[in-house]
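For reference, the structure is listed below as structure tokens.
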Amino acid sequence: MQPLGSIYIEDTGNTDINRITPDRKNVEIFLKWRSFLLNILIIGNGQCGNRILDSINRHALGGGKSCGKLARFYSTQRFKSHVETLALNTAINDLKEMKFTKAKDRIHIEHLHGVGANRNVGKQVFEEKKEIIMRQIEDRGNFDMAFVITSASGGTGSSFTPLLVKEMKKRYNYPVYCLVVLPFREEGTLYLQNTAFSIQEIRQNGADGIILADNQYLKNIGGSIQEAYDGINDMIAERILFLLDALDSEMMMVTDLGDFQTVMSGGAGLATMGFFRADKEIPIKTAIQNSLSPSSLLFSTDVYEEASRAMIVIKGDRKYLSIDDISTEIEKLSGAVGHVFKGIIVRSGEYPQVLSVLTLETAREMENLYSVAVQAINQEKAKKQRVEEGSKMEKAFSQIEGMEPEY
Ligand SMILES: Nc1nc2c(ncn2[C@@H]2O[C@H](COP(=O)(O)OP(=O)(O)OP(=O)(O)O)[C@@H](O)[C@H]2O)c(=O)[nH]1
């Protein structure tokens with residue numbers, strides 16, 4: 001039960017602020033209730049960010065893959081918290097592609113059809129359109145925290161995100177977390193160099209933490225590239241929604257926004273998430289271990305070696321949640337990691353689900369990526385120099401200057 005003055009609301013896990021019609025009679029209750037809930041802003045930048053945001057909205061509309069395209073018109077979102085979503089893109093077609101995000105939340109920042117992976121152009125567009133963008137955020141009210149989702153490697157999202165973070169941190173005092181998607185390593189030198197610079201800038205510009213999801217690591221999902229993208233996007237959406245649900249739930253053992261902030265402020269400012277949903281009764285110890293295993297994490301890391309702080313949230317029917325077993329497993333993790341926050345949400349009739357949020361002290365895979373990115377930057381530099389010196393071609397062209405064809 002959630003206290004609301006003298007009123008109590010059953011915490012069934014389906015409580016949905018958006019389903020309450022704030023007519024005159026209910027408006028006071030509505031506002032009071034809302035003041036108890038977290039206010040969360042989720043922004044998706046660029047194509048990758050837009051698609052992940054759309055997946056979050058699809059899940060929030062109750063949808064598996066079969067969730068109808070018209071759901072956004074007649075359904076209300078099942079966010080427990082008060083969540084606002086915002087998609088920003090320079091490419092209008094990417095915004096049109098979104099099926100589950102309302103039109104008012106899809107904002108076209110006009111510039112041709114994208115910035116073609118050029119971060120300098122992206123930064124210039126952001127600076128020119130900064131006030132339009134910030135007004136969109138301003139209009140949505142005040143928040144307890146924000147997530148900004150982007151790929152690290154494209155042009156629009158990777159250049160908008162660091163500047164947006166800087167602006168948000170300057171104007172608001174809530175934490176801003178970025179969820180950053182790393183590219184497939186074979187996507188080319190421009191994407192690699194964009195990744196290296198954008199992550200560095202997001203850190204420098206004051207993000208309160210960067211949650212990493214790595215396409216390269218997750219590509220084993222298989223199928224076509226579109227199926228792989230959809231699978232990765234769903235994995236990310238599932239984890240974000242579970243986290244939001246957990247932060248706004250009545251718990252038997254509590255983890256709250258403060259704990260999340262403490263976890264995210266640990267380590268090197270980088271984090272990742274794991275998730276495991278049991279589809280049958282399995283020991284809770286196994287469910288926790290599975291949430292930390294390579295197949296559940298969004299980024300390649302050995303959590304026992306590289307993690308710095310952790311938060312483990314467990315949800316399920318009381319009969320599956322042996323406190324002794326949970327404590328033994330958490331102690332094993334905290335022995336290696338240091339501090340582990342744990343939260344337990346009791347939901348009758350549900351098999352165990354476990355979310356892990358881990359900040360990283362070191363990240364071998366990021367070190368590897370930066371080495372490859374340095375090679376890519378040098379390769380691009382050498383190519384540019386060759387073109388500049390490549391006055392050979394210029395010389396060849398200049399030989400016919402002032403001449404006319406003779407027939
Ligand atoms: N996981 C995932 N990655 C994606 C998706 N779409 C694109 N990417 C990755 O995102 C990177 C390209 O970034 P985009 O988000 O497409 O680029 P953008 O920010 O729109 O920038 P421009 O198109 O250059 O203006 C590549 O590494 C892609 O593999 C997606 O739906 N899911």
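Chains: A, B, ... in order of the structure tokens. Residues: from 1 per chain. Ligands: from 1, in order shown.
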Chain A near ligand 1 within 8 Å: what's each residue's closest atom pair and its distance in Å to one decimal, counting only C-alpha atoms and all ligand atoms, ordered by chain then ascending residue number, as a tab-separated table?
```
residue	atom	partner	partner_atom_place_in_ligand_line	distance
A:Asn45	CA	ligand 1	19 (O)	6.4
A:Gly46	CA	ligand 1	19 (O)	3.5
A:Gln47	CA	ligand 1	20 (O)	3.8
A:Cys48	CA	ligand 1	15 (O)	3.7
A:Gly49	CA	ligand 1	15 (O)	6.0
A:Asn50	CA	ligand 1	15 (O)	7.8
A:Arg51	CA	ligand 1	31 (O)	5.0
A:Ile52	CA	ligand 1	31 (O)	6.3
A:Asn89	CA	ligand 1	20 (O)	6.6
A:Thr90	CA	ligand 1	25 (O)	6.3
A:Ala91	CA	ligand 1	25 (O)	6.6
A:Asp94	CA	ligand 1	20 (O)	7.5
A:His113	CA	ligand 1	25 (O)	7.2
A:Gly114	CA	ligand 1	25 (O)	3.5
A:Val115	CA	ligand 1	25 (O)	3.9
A:Gly116	CA	ligand 1	24 (O)	3.9
A:Ala117	CA	ligand 1	24 (O)	3.4
A:Asn118	CA	ligand 1	24 (O)	6.3
A:Arg119	CA	ligand 1	24 (O)	7.9
A:Gly122	CA	ligand 1	25 (O)	7.4
A:Thr150	CA	ligand 1	15 (O)	6.4
A:Ser151	CA	ligand 1	10 (O)	4.8
A:Ala152	CA	ligand 1	11 (C)	6.9
A:Ser153	CA	ligand 1	11 (C)	5.1
A:Gly154	CA	ligand 1	13 (O)	3.4
A:Gly155	CA	ligand 1	24 (O)	3.4
A:Thr156	CA	ligand 1	19 (O)	3.8
A:Gly157	CA	ligand 1	19 (O)	3.6
A:Ser158	CA	ligand 1	19 (O)	5.8
A:Ser159	CA	ligand 1	19 (O)	7.8
A:Val181	CA	ligand 1	1 (N)	6.2
A:Leu182	CA	ligand 1	27 (O)	6.2
A:Pro183	CA	ligand 1	27 (O)	3.6
A:Phe184	CA	ligand 1	27 (O)	5.9
A:Glu187	CA	ligand 1	27 (O)	6.7
A:Tyr191	CA	ligand 1	27 (O)	6.6
A:Ala213	CA	ligand 1	1 (N)	7.8
A:Asp214	CA	ligand 1	1 (N)	7.6
A:Asn215	CA	ligand 1	1 (N)	5.6
A:Gln226	CA	ligand 1	31 (O)	7.4
A:Ala228	CA	ligand 1	1 (N)	7.6
A:Tyr229	CA	ligand 1	32 (N)	4.1
A:Asp230	CA	ligand 1	31 (O)	6.2
A:Ile232	CA	ligand 1	1 (N)	5.2
A:Asn233	CA	ligand 1	1 (N)	5.5
```
Take the residues from that selection and put them in a file with N, CA and C atoms, as a compact mmCIF listing (two decimals), in the first residue's frame.
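Writing done, so here's result-v9.txt:
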```txt
# COMPACT_ATOMS: atom_id res chain seq x y z
N ASN A 45 17.98 10.74 -28.55
CA ASN A 45 18.61 11.59 -29.57
C ASN A 45 19.07 10.78 -30.76
N GLY A 46 18.81 11.28 -31.97
CA GLY A 46 19.29 10.59 -33.18
C GLY A 46 18.50 9.30 -33.41
N GLN A 47 18.84 8.62 -34.50
CA GLN A 47 18.04 7.45 -34.89
C GLN A 47 18.04 6.35 -33.82
N CYS A 48 19.24 6.01 -33.33
CA CYS A 48 19.33 4.94 -32.35
C CYS A 48 18.58 5.32 -31.07
N GLY A 49 18.78 6.55 -30.60
CA GLY A 49 18.10 7.01 -29.39
C GLY A 49 16.58 7.02 -29.58
N ASN A 50 16.14 7.46 -30.77
CA ASN A 50 14.70 7.48 -31.07
C ASN A 50 14.12 6.08 -31.02
N ARG A 51 14.84 5.13 -31.63
CA ARG A 51 14.30 3.76 -31.69
C ARG A 51 14.22 3.11 -30.31
N ILE A 52 15.23 3.37 -29.49
CA ILE A 52 15.19 2.78 -28.14
C ILE A 52 14.05 3.42 -27.33
N ASN A 89 15.63 14.74 -33.36
CA ASN A 89 16.41 14.26 -34.51
C ASN A 89 16.46 15.32 -35.61
N THR A 90 17.56 15.30 -36.35
CA THR A 90 17.65 16.19 -37.51
C THR A 90 17.01 15.54 -38.73
N ALA A 91 16.86 14.21 -38.68
CA ALA A 91 16.30 13.48 -39.83
C ALA A 91 14.83 13.20 -39.58
N ASP A 94 13.54 9.49 -39.57
CA ASP A 94 13.76 8.69 -38.36
C ASP A 94 12.61 8.92 -37.37
N HIS A 113 18.80 16.04 -43.98
CA HIS A 113 18.23 14.74 -43.53
C HIS A 113 19.21 14.05 -42.62
N GLY A 114 19.62 14.71 -41.57
CA GLY A 114 20.62 14.15 -40.68
C GLY A 114 21.92 14.92 -40.88
N VAL A 115 22.94 14.59 -40.09
CA VAL A 115 24.20 15.32 -40.22
C VAL A 115 25.30 14.42 -40.76
N GLY A 116 24.90 13.23 -41.24
CA GLY A 116 25.86 12.36 -41.94
C GLY A 116 27.08 12.01 -41.12
N ALA A 117 26.89 11.67 -39.87
CA ALA A 117 27.96 11.23 -38.97
C ALA A 117 29.02 12.31 -38.72
N ASN A 118 28.72 13.56 -39.12
CA ASN A 118 29.70 14.64 -38.88
C ASN A 118 29.33 15.39 -37.60
N ARG A 119 30.12 15.16 -36.56
CA ARG A 119 29.81 15.73 -35.24
C ARG A 119 30.01 17.24 -35.21
N GLY A 122 26.81 18.55 -36.42
CA GLY A 122 25.81 18.30 -35.37
C GLY A 122 25.91 19.32 -34.25
N THR A 150 21.32 7.66 -26.61
CA THR A 150 21.92 7.98 -27.91
C THR A 150 22.89 6.89 -28.34
N SER A 151 23.20 6.86 -29.63
CA SER A 151 24.37 6.09 -30.05
C SER A 151 25.57 6.99 -29.86
N ALA A 152 26.75 6.38 -29.64
CA ALA A 152 27.95 7.20 -29.47
C ALA A 152 28.54 7.56 -30.83
N SER A 153 28.10 6.89 -31.88
CA SER A 153 28.88 6.90 -33.10
C SER A 153 28.30 7.68 -34.27
N GLY A 154 26.97 7.90 -34.29
CA GLY A 154 26.39 8.62 -35.42
C GLY A 154 26.73 10.10 -35.33
N GLY A 155 26.01 10.94 -36.08
CA GLY A 155 26.32 12.36 -36.07
C GLY A 155 25.42 13.13 -35.11
N THR A 156 24.11 12.99 -35.27
CA THR A 156 23.18 13.83 -34.51
C THR A 156 23.22 13.51 -33.00
N GLY A 157 22.90 12.28 -32.65
CA GLY A 157 22.80 11.92 -31.23
C GLY A 157 24.11 12.13 -30.49
N SER A 158 25.21 11.73 -31.13
CA SER A 158 26.51 11.78 -30.43
C SER A 158 27.03 13.20 -30.26
N SER A 159 26.54 14.12 -31.12
CA SER A 159 27.00 15.51 -30.94
C SER A 159 26.00 16.30 -30.09
N VAL A 181 24.95 3.86 -26.67
CA VAL A 181 25.11 2.61 -27.42
C VAL A 181 26.41 2.67 -28.24
N LEU A 182 27.27 1.66 -28.04
CA LEU A 182 28.54 1.61 -28.76
C LEU A 182 28.33 0.89 -30.10
N PRO A 183 29.13 1.24 -31.11
CA PRO A 183 28.88 0.69 -32.46
C PRO A 183 29.43 -0.72 -32.63
N PHE A 184 28.96 -1.40 -33.69
CA PHE A 184 29.64 -2.61 -34.14
C PHE A 184 31.04 -2.14 -34.58
N GLU A 187 31.93 -1.01 -38.20
CA GLU A 187 31.13 0.02 -38.87
C GLU A 187 31.98 1.15 -39.46
N TYR A 191 32.75 6.23 -37.35
CA TYR A 191 31.94 5.86 -36.19
C TYR A 191 32.82 5.62 -34.96
N ALA A 213 25.75 0.31 -23.44
CA ALA A 213 25.18 -0.86 -24.11
C ALA A 213 26.00 -1.01 -25.39
N ASP A 214 26.45 -2.22 -25.66
CA ASP A 214 27.41 -2.40 -26.76
C ASP A 214 26.81 -3.28 -27.86
N ASN A 215 26.55 -2.66 -29.02
CA ASN A 215 26.02 -3.44 -30.15
C ASN A 215 26.91 -4.64 -30.46
N GLN A 226 18.26 -5.62 -38.63
CA GLN A 226 17.08 -4.99 -38.02
C GLN A 226 16.60 -5.81 -36.82
N ALA A 228 18.48 -7.71 -34.99
CA ALA A 228 19.46 -7.51 -33.91
C ALA A 228 19.18 -6.18 -33.20
N TYR A 229 18.96 -5.12 -33.99
CA TYR A 229 18.65 -3.81 -33.39
C TYR A 229 17.42 -3.91 -32.49
N ASP A 230 16.36 -4.53 -33.04
CA ASP A 230 15.12 -4.64 -32.26
C ASP A 230 15.36 -5.39 -30.95
N ILE A 232 18.22 -5.76 -29.29
CA ILE A 232 19.04 -4.96 -28.37
C ILE A 232 18.18 -3.85 -27.75
N ASN A 233 17.37 -3.20 -28.59
CA ASN A 233 16.52 -2.10 -28.09
C ASN A 233 15.54 -2.61 -27.03
```
**Study point:** DSSP alpha helix (DSSP H) residues within range 109-179 of chain A, as a PyMOL selection string
**Key:** chain A and resi 119-139+156-171
Can I get the selection written as a compact mmCIF listing (two decimals), in the first residue's frame, with N, CA and C atoms?
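Contents of the output file again.txt:
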```
# COMPACT_ATOMS: atom_id res chain seq x y z
N ARG A 119 30.12 15.16 -36.56
CA ARG A 119 29.81 15.73 -35.24
C ARG A 119 30.01 17.24 -35.21
N ASN A 120 30.89 17.75 -36.07
CA ASN A 120 31.06 19.21 -36.07
C ASN A 120 29.80 19.89 -36.57
N VAL A 121 29.20 19.31 -37.61
CA VAL A 121 27.94 19.87 -38.12
C VAL A 121 26.87 19.71 -37.04
N GLY A 122 26.81 18.55 -36.42
CA GLY A 122 25.81 18.30 -35.37
C GLY A 122 25.91 19.32 -34.25
N LYS A 123 27.12 19.61 -33.82
CA LYS A 123 27.31 20.57 -32.72
C LYS A 123 26.83 21.96 -33.13
N GLN A 124 27.12 22.30 -34.39
CA GLN A 124 26.72 23.62 -34.88
C GLN A 124 25.18 23.73 -34.92
N VAL A 125 24.54 22.66 -35.39
CA VAL A 125 23.07 22.65 -35.44
C VAL A 125 22.50 22.79 -34.02
N PHE A 126 23.09 22.06 -33.07
CA PHE A 126 22.59 22.14 -31.69
C PHE A 126 22.69 23.57 -31.18
N GLU A 127 23.85 24.20 -31.40
CA GLU A 127 24.03 25.57 -30.88
C GLU A 127 23.01 26.50 -31.51
N GLU A 128 22.76 26.32 -32.83
CA GLU A 128 21.80 27.20 -33.51
C GLU A 128 20.37 26.99 -32.99
N LYS A 129 20.05 25.73 -32.64
CA LYS A 129 18.66 25.41 -32.26
C LYS A 129 18.50 25.18 -30.75
N LYS A 130 19.52 25.58 -30.01
CA LYS A 130 19.54 25.26 -28.58
C LYS A 130 18.28 25.71 -27.84
N GLU A 131 17.84 26.95 -28.09
CA GLU A 131 16.70 27.47 -27.32
C GLU A 131 15.42 26.72 -27.66
N ILE A 132 15.27 26.31 -28.93
CA ILE A 132 14.08 25.54 -29.33
C ILE A 132 14.08 24.21 -28.57
N ILE A 133 15.25 23.60 -28.52
CA ILE A 133 15.37 22.30 -27.84
C ILE A 133 15.09 22.44 -26.34
N MET A 134 15.71 23.45 -25.73
CA MET A 134 15.58 23.60 -24.29
C MET A 134 14.14 23.98 -23.89
N ARG A 135 13.44 24.69 -24.81
CA ARG A 135 12.05 25.04 -24.51
C ARG A 135 11.18 23.79 -24.42
N GLN A 136 11.51 22.81 -25.26
CA GLN A 136 10.76 21.54 -25.23
C GLN A 136 10.89 20.88 -23.85
N ILE A 137 12.08 20.97 -23.29
CA ILE A 137 12.31 20.36 -21.97
C ILE A 137 11.61 21.19 -20.90
N GLU A 138 11.79 22.49 -21.00
CA GLU A 138 11.19 23.44 -20.06
C GLU A 138 9.68 23.23 -19.98
N ASP A 139 9.04 23.08 -21.14
CA ASP A 139 7.58 22.94 -21.20
C ASP A 139 7.07 21.69 -20.50
N THR A 156 24.11 12.99 -35.27
CA THR A 156 23.18 13.83 -34.51
C THR A 156 23.22 13.51 -33.00
N GLY A 157 22.90 12.28 -32.65
CA GLY A 157 22.80 11.92 -31.23
C GLY A 157 24.11 12.13 -30.49
N SER A 158 25.21 11.73 -31.13
CA SER A 158 26.51 11.78 -30.43
C SER A 158 27.03 13.20 -30.26
N SER A 159 26.54 14.12 -31.12
CA SER A 159 27.00 15.51 -30.94
C SER A 159 26.00 16.30 -30.09
N PHE A 160 24.70 16.00 -30.21
CA PHE A 160 23.69 16.70 -29.40
C PHE A 160 23.85 16.35 -27.91
N THR A 161 24.10 15.07 -27.63
CA THR A 161 24.01 14.61 -26.23
C THR A 161 24.97 15.33 -25.28
N PRO A 162 26.27 15.44 -25.60
CA PRO A 162 27.14 16.13 -24.64
C PRO A 162 26.71 17.59 -24.42
N LEU A 163 26.28 18.26 -25.50
CA LEU A 163 25.88 19.67 -25.36
C LEU A 163 24.56 19.79 -24.60
N LEU A 164 23.67 18.85 -24.83
CA LEU A 164 22.39 18.84 -24.11
C LEU A 164 22.62 18.61 -22.62
N VAL A 165 23.51 17.66 -22.31
CA VAL A 165 23.82 17.38 -20.90
C VAL A 165 24.37 18.64 -20.24
N LYS A 166 25.29 19.31 -20.93
CA LYS A 166 25.91 20.52 -20.38
C LYS A 166 24.84 21.57 -20.07
N GLU A 167 23.92 21.75 -21.02
CA GLU A 167 22.86 22.74 -20.87
C GLU A 167 21.91 22.36 -19.74
N MET A 168 21.56 21.08 -19.67
CA MET A 168 20.62 20.63 -18.62
C MET A 168 21.25 20.79 -17.24
N LYS A 169 22.53 20.45 -17.13
CA LYS A 169 23.20 20.55 -15.83
C LYS A 169 23.32 22.01 -15.40
N LYS A 170 23.44 22.90 -16.41
CA LYS A 170 23.54 24.33 -16.10
C LYS A 170 22.20 24.87 -15.58
N ARG A 171 21.09 24.36 -16.18
CA ARG A 171 19.78 24.95 -15.88
C ARG A 171 19.00 24.24 -14.78
```
Practice item. Enter the distance from CA of Phe276 in chain A to CA of Leu292 in chain A, in Å, rounded to one decimal. Key: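 Answer for the CA of Phe276 in chain A to CA of Leu292 in chain A separation: 8.4 Å.
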Practice item. May I ask which of the residues A:Ala310, A:Leu112, A:Leu41, A:Leu61 is the closest one to Leu86 in chain A, counting only C-alpha atoms? Key: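 Residue with the minimum atom-to-atom distance to Leu86 in chain A: A:Leu41.
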Practice item. For each of A:Tyr370, A:Tyr320, A:Phe143, A:Phe197, take the minimum atom-to-atom distance to Pro352 in chain A, counting only C-alpha atoms, then give the residue where this is smallest. Key: A:Tyr320
Tell me, which residues of range 30-222 of chain A carry DSSP strand (DSSP E), written as a PDB file with C-alpha atoms, in the first residue's frame?
```
ATOM      1  CA  ASN A  39       8.985  12.672 -12.293  1.00  0.00           C
ATOM      2  CA  ILE A  40      11.220  11.286 -14.988  1.00  0.00           C
ATOM      3  CA  LEU A  41      12.284  12.637 -18.359  1.00  0.00           C
ATOM      4  CA  ILE A  42      13.577  10.282 -21.073  1.00  0.00           C
ATOM      5  CA  ILE A  43      15.116  11.836 -24.178  1.00  0.00           C
ATOM      6  CA  GLY A  44      16.126   9.834 -27.261  1.00  0.00           C
ATOM      7  CA  ASN A  45      18.606  11.587 -29.568  1.00  0.00           C
ATOM      8  CA  HIS A  82       5.187  10.358 -14.149  1.00  0.00           C
ATOM      9  CA  VAL A  83       7.305   9.913 -17.266  1.00  0.00           C
ATOM     10  CA  GLU A  84       7.731  12.369 -20.128  1.00  0.00           C
ATOM     11  CA  THR A  85       9.432  11.221 -23.318  1.00  0.00           C
ATOM     12  CA  LEU A  86      11.067  13.360 -25.985  1.00  0.00           C
ATOM     13  CA  ALA A  87      12.643  12.320 -29.297  1.00  0.00           C
ATOM     14  CA  LEU A  88      15.041  14.725 -31.015  1.00  0.00           C
ATOM     15  CA  ASN A  89      16.407  14.258 -34.513  1.00  0.00           C
ATOM     16  CA  ARG A 106       8.834  13.832 -31.690  1.00  0.00           C
ATOM     17  CA  ILE A 107      10.765  17.010 -32.366  1.00  0.00           C
ATOM     18  CA  HIS A 108      12.358  17.681 -35.714  1.00  0.00           C
ATOM     19  CA  MET A 145      15.964  12.648 -12.930  1.00  0.00           C
ATOM     20  CA  ALA A 146      16.541  12.413 -16.669  1.00  0.00           C
ATOM     21  CA  PHE A 147      17.901   9.822 -19.053  1.00  0.00           C
ATOM     22  CA  VAL A 148      19.366  10.765 -22.413  1.00  0.00           C
ATOM     23  CA  ILE A 149      19.665   7.871 -24.865  1.00  0.00           C
ATOM     24  CA  THR A 150      21.922   7.982 -27.908  1.00  0.00           C
ATOM     25  CA  SER A 151      24.369   6.086 -30.050  1.00  0.00           C
ATOM     26  CA  VAL A 176      21.152  13.430 -15.866  1.00  0.00           C
ATOM     27  CA  TYR A 177      22.170   9.906 -16.869  1.00  0.00           C
ATOM     28  CA  CYS A 178      23.131   8.932 -20.398  1.00  0.00           C
ATOM     29  CA  LEU A 179      22.519   5.554 -21.945  1.00  0.00           C
ATOM     30  CA  VAL A 180      25.068   5.288 -24.717  1.00  0.00           C
ATOM     31  CA  VAL A 181      25.113   2.608 -27.425  1.00  0.00           C
ATOM     32  CA  LEU A 182      28.540   1.606 -28.764  1.00  0.00           C
ATOM     33  CA  GLY A 209      26.763   8.595 -15.157  1.00  0.00           C
ATOM     34  CA  ILE A 210      26.979   6.756 -18.466  1.00  0.00           C
ATOM     35  CA  ILE A 211      25.259   3.404 -18.860  1.00  0.00           C
ATOM     36  CA  LEU A 212      26.903   1.468 -21.673  1.00  0.00           C
ATOM     37  CA  ALA A 213      25.178  -0.861 -24.113  1.00  0.00           C
ATOM     38  CA  ASP A 214      27.408  -2.399 -26.760  1.00  0.00           C
TER      39      ASP A 214
END
```
Practice item. May I have the residues within 12 Å of Val372 in chain A as a list of chain:residue names, using only C-alpha atoms and disregarding those fewer than 4 positions away in the same chain? Key: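 Those residues are A:Arg185, A:Glu186, A:Gly188, A:Thr189, A:Leu190, A:Tyr191, A:Leu192, A:Gln193, A:Asn194, A:Thr195, A:Ala196, A:Glu365, A:Met366, A:Glu367, A:Asn368, A:Ala376, A:Ile377, A:Asn378, A:Gln379.
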Review point. Near Arg318 in chain A, within 12 Å and counting only C-alpha atoms, which residues show up once chain neighbours fewer than 6 positions away are dropped, as an MDAnalysis selection string?
Key: chainID A and resid 251:252 284 344:352
Review point. Separation of CA of Leu333 in chain A and CA of Val354 in chain A, in Å?
Key: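 So the answer is 14.1 Å.
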Exercise for review: Name the residues in contact with Ser322 in chain A at a cut-off of 10 Å, using only C-alpha atoms, excluding same-chain residues fewer than 5 positions from it; report them as a list of chain:residue names.
Suggested key: A:Pro283, A:Ile284, A:Lys285, A:Ser327
Could you write out the selected residues, including N, CA and C atoms, as a compact mmCIF listing (two decimals), in the first residue's frame?
```txt
# COMPACT_ATOMS: atom_id res chain seq x y z
N PRO A 283 15.71 -21.37 -8.41
CA PRO A 283 16.23 -20.83 -7.14
C PRO A 283 16.63 -19.36 -7.32
N ILE A 284 16.35 -18.56 -6.33
CA ILE A 284 16.63 -17.12 -6.42
C ILE A 284 18.14 -16.86 -6.59
N LYS A 285 18.96 -17.75 -6.01
CA LYS A 285 20.42 -17.59 -6.16
C LYS A 285 20.79 -17.65 -7.63
N SER A 327 20.63 -13.02 0.64
CA SER A 327 21.74 -12.41 1.38
C SER A 327 23.06 -13.10 1.05
```
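Coordinates place CA of Asp54 in chain A at a distance of 5.7 Å from CA of Thr101 in chain A.
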